[in-house]
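Inspection log for the structure reproduced underneath, given as structure tokens.
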Amino acid sequence: MIDDILRIPADLKLQGKILAYADDLTATLQHKDESMAVRQLQVLTDAIKSPLGKLKLKINAAKTVLIIFSRKHAPSDNLYLTVDEHHILPTSHKKILGLILDSKLNWSAHLNEKDRQVRKIFFSLRSYAGRTWGLSGTRLGALYKALVEPSLLYCCSVWASTIKTKHNRKKLRQIERQFNILISKSFKTADSGALS
């Protein structure tokens with residue numbers, strides 16, 4: 001039955017896909033005209049309701065999100081999906097499986113969230129070590145590799161292309177620098193090249 005839901009775009013001859021993970025469905029559709037894309041997505045959403053009903057499931061309007069990906073401009077104000085008489089307006093970003101997708105696909109929202117998470121870890125570790133007391137640099141380095149790197153590098157193969165931009169490269173270097181200063185127990189004015 002779930003396979004039937006995944007085949008709906010092909011059955012309707014739409015340029016789209018339905019992806020499933022656990023109890024979540026993601027419907028994607030591509031079109032040059034955003035209003036046409038939303039109309040076709042509405043058709044796809046309506047077509048999903050019937051097979052879900054047979055499984056005694058339904059689309060939760062409160063959890064449904066509409067993101068229009070475009071590097072050119074913001075979506076029109078009059079675009080929305082309708083799910084159980086609720087209008088789903090376009091949003092600028094959404095967290096899916098630990099990745100924050102934004103409408104421009106520039107990953108800035110994702111990197112900002114990672115920066116926020118890593119700063120929490122940094123301030124926690126900083127309370128365990130000063131320049132002359134506390135955990136050694138070796139132990140702090142091990143904690144960095146165990147706590148920070150996995151968090152920061154999660155799904156990096158997806159968003160790695162973003163480090164081509166100067167802004168995002170600078171943000172990642174700032175994160176690395178603060179930990180390098182902590183681990184090496186250096187002064188804040190230390191040269192970044194010497195810390196790496």
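Going through the structure tokens in order, the chains are called A, B, and so on, while each chain numbers its residues from 1 and the ligands are numbered from 1 in the order shown.
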Contacts of Leu14 (chain A) at 10 Å (only C-alpha atoms; same-chain gap of 6+ positions) as number ranges by chain: A: 8, 29-31, 37, 40-41, 43-44
Would you pick out the contacts of Ala160 (chain A) at 12 Å or less, using only C-alpha atoms, so that residues sharing its chain but fewer than 5 positions from it are not included, and give the list as a list in words? Leu105, Asn106, Trp107, Ser108, His110, Leu111, Leu152, Leu153, Tyr154, Cys155, Thr165, Asn168, Arg169 and Leu172 of chain A
Using only C-alpha atoms, please write the residues we just selected to a file, as an mmCIF file, in the first residue's frame.
data_model
loop_
_atom_site.group_PDB
_atom_site.id
_atom_site.type_symbol
_atom_site.label_atom_id
_atom_site.label_comp_id
_atom_site.auth_asym_id
_atom_site.auth_seq_id
_atom_site.Cartn_x
_atom_site.Cartn_y
_atom_site.Cartn_z
ATOM 1 C CA LEU A 105 19.286 26.510 -0.566
ATOM 2 C CA ASN A 106 22.224 28.575 0.656
ATOM 3 C CA TRP A 107 22.369 26.640 3.956
ATOM 4 C CA SER A 108 22.804 29.780 6.066
ATOM 5 C CA HIS A 110 21.577 25.345 8.842
ATOM 6 C CA LEU A 111 25.006 26.808 9.588
ATOM 7 C CA LEU A 152 29.167 20.112 12.922
ATOM 8 C CA LEU A 153 29.906 17.651 10.126
ATOM 9 C CA TYR A 154 26.534 15.847 10.162
ATOM 10 C CA CYS A 155 25.439 15.462 6.511
ATOM 11 C CA THR A 165 30.979 31.462 -0.149
ATOM 12 C CA ASN A 168 29.998 30.626 5.329
ATOM 13 C CA ARG A 169 33.711 29.839 5.191
ATOM 14 C CA LEU A 172 33.148 27.760 10.019
#
Identify all residues of region 28-175 of chain A in strand (DSSP E or B) (DSSP on the backbone) and supply them as number ranges by chain. A: 28-29, 66, 81-83, 86-88, 90, 93-96, 99-102, 129, 134
Non-local contacts of Leu182 (chain A) (9 Å; only C-alpha atoms; under 3 positions in same chain excluded) as JSON, numbers by chain: {"A": [122, 125, 126, 129, 130, 131, 137, 140, 177, 178, 179, 185, 186, 187]}
Would you save the residues from that selection as a short mmCIF file (atom, residue, chain, number, x, y, z; two decimals), in the first residue's frame, using all heavy atoms?
data_model
loop_
_atom_site.label_atom_id
_atom_site.label_comp_id
_atom_site.auth_asym_id
_atom_site.auth_seq_id
_atom_site.Cartn_x
_atom_site.Cartn_y
_atom_site.Cartn_z
N PHE A 122 30.81 24.64 23.42
CA PHE A 122 32.01 25.41 23.72
C PHE A 122 31.95 26.00 25.13
O PHE A 122 32.89 25.86 25.91
CB PHE A 122 32.20 26.53 22.69
CG PHE A 122 33.30 27.48 23.02
CD1 PHE A 122 34.62 27.11 22.86
CD2 PHE A 122 33.02 28.74 23.53
CE1 PHE A 122 35.65 27.98 23.18
CE2 PHE A 122 34.03 29.61 23.86
CZ PHE A 122 35.36 29.24 23.68
N LEU A 125 32.36 23.30 27.74
CA LEU A 125 33.75 22.85 27.87
C LEU A 125 34.63 23.92 28.49
O LEU A 125 35.55 23.61 29.24
CB LEU A 125 34.31 22.45 26.50
CG LEU A 125 33.80 21.16 25.88
CD1 LEU A 125 34.43 20.94 24.52
CD2 LEU A 125 34.09 19.98 26.80
N ARG A 126 34.35 25.17 28.18
CA ARG A 126 35.17 26.26 28.71
C ARG A 126 35.07 26.33 30.23
O ARG A 126 36.01 26.75 30.90
CB ARG A 126 34.75 27.59 28.08
CG ARG A 126 35.80 28.67 28.31
CD ARG A 126 35.50 29.89 27.55
NE ARG A 126 34.39 30.58 28.19
CZ ARG A 126 33.95 31.76 27.83
NH1 ARG A 126 34.47 32.38 26.81
NH2 ARG A 126 32.95 32.33 28.47
N ALA A 129 37.87 24.20 31.84
CA ALA A 129 39.29 24.44 31.61
C ALA A 129 39.59 25.93 31.44
O ALA A 129 38.87 26.64 30.75
CB ALA A 129 39.76 23.70 30.36
N GLY A 130 40.67 26.33 32.08
CA GLY A 130 41.21 27.67 31.89
C GLY A 130 42.61 27.52 31.31
O GLY A 130 43.06 26.41 31.01
N ARG A 131 43.33 28.64 31.16
CA ARG A 131 44.68 28.54 30.60
C ARG A 131 45.64 27.83 31.55
O ARG A 131 46.60 27.21 31.12
CB ARG A 131 45.21 29.92 30.24
CG ARG A 131 44.85 30.30 28.82
CD ARG A 131 45.57 31.52 28.33
NE ARG A 131 45.19 32.70 29.09
CZ ARG A 131 46.07 33.46 29.74
NH1 ARG A 131 47.34 33.19 29.73
NH2 ARG A 131 45.65 34.51 30.40
N GLY A 137 44.89 19.96 27.27
CA GLY A 137 44.60 20.18 25.86
C GLY A 137 44.28 18.89 25.13
O GLY A 137 43.43 18.85 24.24
N LEU A 140 40.72 17.98 26.04
CA LEU A 140 39.81 18.90 25.37
C LEU A 140 39.73 18.58 23.88
O LEU A 140 38.66 18.65 23.28
CB LEU A 140 40.25 20.35 25.59
CG LEU A 140 40.05 20.91 26.99
CD1 LEU A 140 40.75 22.25 27.13
CD2 LEU A 140 38.57 21.04 27.30
N ARG A 177 38.23 28.26 15.27
CA ARG A 177 39.19 29.09 15.99
C ARG A 177 38.92 29.10 17.50
O ARG A 177 39.84 28.94 18.30
CB ARG A 177 39.17 30.52 15.45
CG ARG A 177 40.08 31.46 16.21
CD ARG A 177 40.04 32.87 15.63
NE ARG A 177 40.64 33.81 16.54
CZ ARG A 177 41.93 33.92 16.77
NH1 ARG A 177 42.77 33.13 16.15
NH2 ARG A 177 42.39 34.83 17.61
N GLN A 178 37.66 29.26 17.88
CA GLN A 178 37.36 29.33 19.32
C GLN A 178 37.74 28.03 20.03
O GLN A 178 38.25 28.06 21.15
CB GLN A 178 35.91 29.72 19.58
CG GLN A 178 34.89 28.69 19.19
CD GLN A 178 33.45 29.20 19.34
OE1 GLN A 178 33.22 30.37 19.63
NE2 GLN A 178 32.50 28.31 19.14
N PHE A 179 37.55 26.90 19.36
CA PHE A 179 37.94 25.63 19.97
C PHE A 179 39.45 25.45 19.96
O PHE A 179 40.02 24.91 20.91
CB PHE A 179 37.25 24.45 19.28
CG PHE A 179 35.84 24.25 19.75
CD1 PHE A 179 34.78 24.76 19.03
CD2 PHE A 179 35.58 23.58 20.93
CE1 PHE A 179 33.49 24.59 19.47
CE2 PHE A 179 34.28 23.42 21.39
CZ PHE A 179 33.22 23.93 20.65
N LYS A 185 45.01 26.37 24.82
CA LYS A 185 45.12 27.26 25.98
C LYS A 185 45.91 28.53 25.62
O LYS A 185 46.73 29.02 26.38
CB LYS A 185 45.74 26.54 27.18
CG LYS A 185 44.89 25.35 27.62
CD LYS A 185 45.43 24.70 28.87
CE LYS A 185 44.55 23.53 29.25
NZ LYS A 185 43.78 23.75 30.43
N SER A 186 45.59 29.03 24.43
CA SER A 186 46.25 30.23 23.91
C SER A 186 45.45 31.48 24.26
O SER A 186 44.32 31.40 24.73
CB SER A 186 46.37 30.15 22.39
OG SER A 186 47.13 29.05 22.00
N PHE A 187 46.08 32.63 24.01
CA PHE A 187 45.39 33.91 24.16
C PHE A 187 44.44 34.10 22.97
O PHE A 187 44.67 33.58 21.88
CB PHE A 187 46.39 35.06 24.23
CG PHE A 187 47.21 35.05 25.49
CD1 PHE A 187 48.53 34.64 25.47
CD2 PHE A 187 46.65 35.46 26.69
CE1 PHE A 187 49.28 34.63 26.63
CE2 PHE A 187 47.40 35.45 27.86
CZ PHE A 187 48.72 35.04 27.83
#
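If you measure from each of A:Arg39, A:Lys104, A:Lys63, A:Arg71 to His86 (chain A) using only C-alpha atoms, the closest one turns out to be A:Lys63.
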Selection: 12 Å around Ala142 (chain A), only C-alpha atoms, excl. self and same-chain fewer than 6 positions, as a PyMOL selection string: chain A and resi 125+135-136+148-149+179+183
Grab the residues selected above and save them as an mmCIF file, in the first residue's frame with N, CA and C atoms.
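As a result, again08.cif now contains:
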data_model
loop_
_atom_site.group_PDB
_atom_site.id
_atom_site.type_symbol
_atom_site.label_atom_id
_atom_site.label_comp_id
_atom_site.auth_asym_id
_atom_site.auth_seq_id
_atom_site.Cartn_x
_atom_site.Cartn_y
_atom_site.Cartn_z
ATOM 1 N N LEU A 125 32.360 23.302 27.743
ATOM 2 C CA LEU A 125 33.746 22.850 27.867
ATOM 3 C C LEU A 125 34.635 23.920 28.491
ATOM 4 N N LEU A 135 40.997 20.655 32.556
ATOM 5 C CA LEU A 135 41.332 19.582 31.618
ATOM 6 C C LEU A 135 42.508 19.955 30.735
ATOM 7 N N SER A 136 43.304 18.962 30.382
ATOM 8 C CA SER A 136 44.464 19.200 29.513
ATOM 9 C C SER A 136 44.001 19.416 28.077
ATOM 10 N N VAL A 148 31.985 17.903 19.066
ATOM 11 C CA VAL A 148 31.799 19.005 18.116
ATOM 12 C C VAL A 148 31.842 18.533 16.673
ATOM 13 N N GLU A 149 32.883 17.794 16.319
ATOM 14 C CA GLU A 149 33.008 17.383 14.919
ATOM 15 C C GLU A 149 31.800 16.605 14.410
ATOM 16 N N PHE A 179 37.549 26.899 19.359
ATOM 17 C CA PHE A 179 37.943 25.628 19.973
ATOM 18 C C PHE A 179 39.454 25.453 19.964
ATOM 19 N N ILE A 183 41.586 24.591 23.246
ATOM 20 C CA ILE A 183 42.382 23.360 23.323
ATOM 21 C C ILE A 183 43.856 23.659 23.545
#
Could you pull out the residues in chain A that DSSP calls alpha helix (DSSP H) from the backbone, as a PyMOL selection string? chain A and resi 2-6+8-11+34-54+108-126+137-143+149-153+156-159+166-184+192-195
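Checking A:Val65, A:Val158, A:Leu25, A:Leu79 one by one against Leu99 (chain A), counting only C-alpha atoms, you find the shortest gap at A:Val158.
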Which is closer to Val118 (chain A) than all the others in A:Glu176, A:Asp102, A:Glu34, A:Asp24, using only C-alpha atoms?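 Closest to Val118 (chain A) of all the choices is A:Glu176.
With distances restricted to only C-alpha atoms, A:Asp3 is the closest residue to Pro51 (chain A) from A:Thr91, A:Asn78, A:Asp3, A:Leu12.
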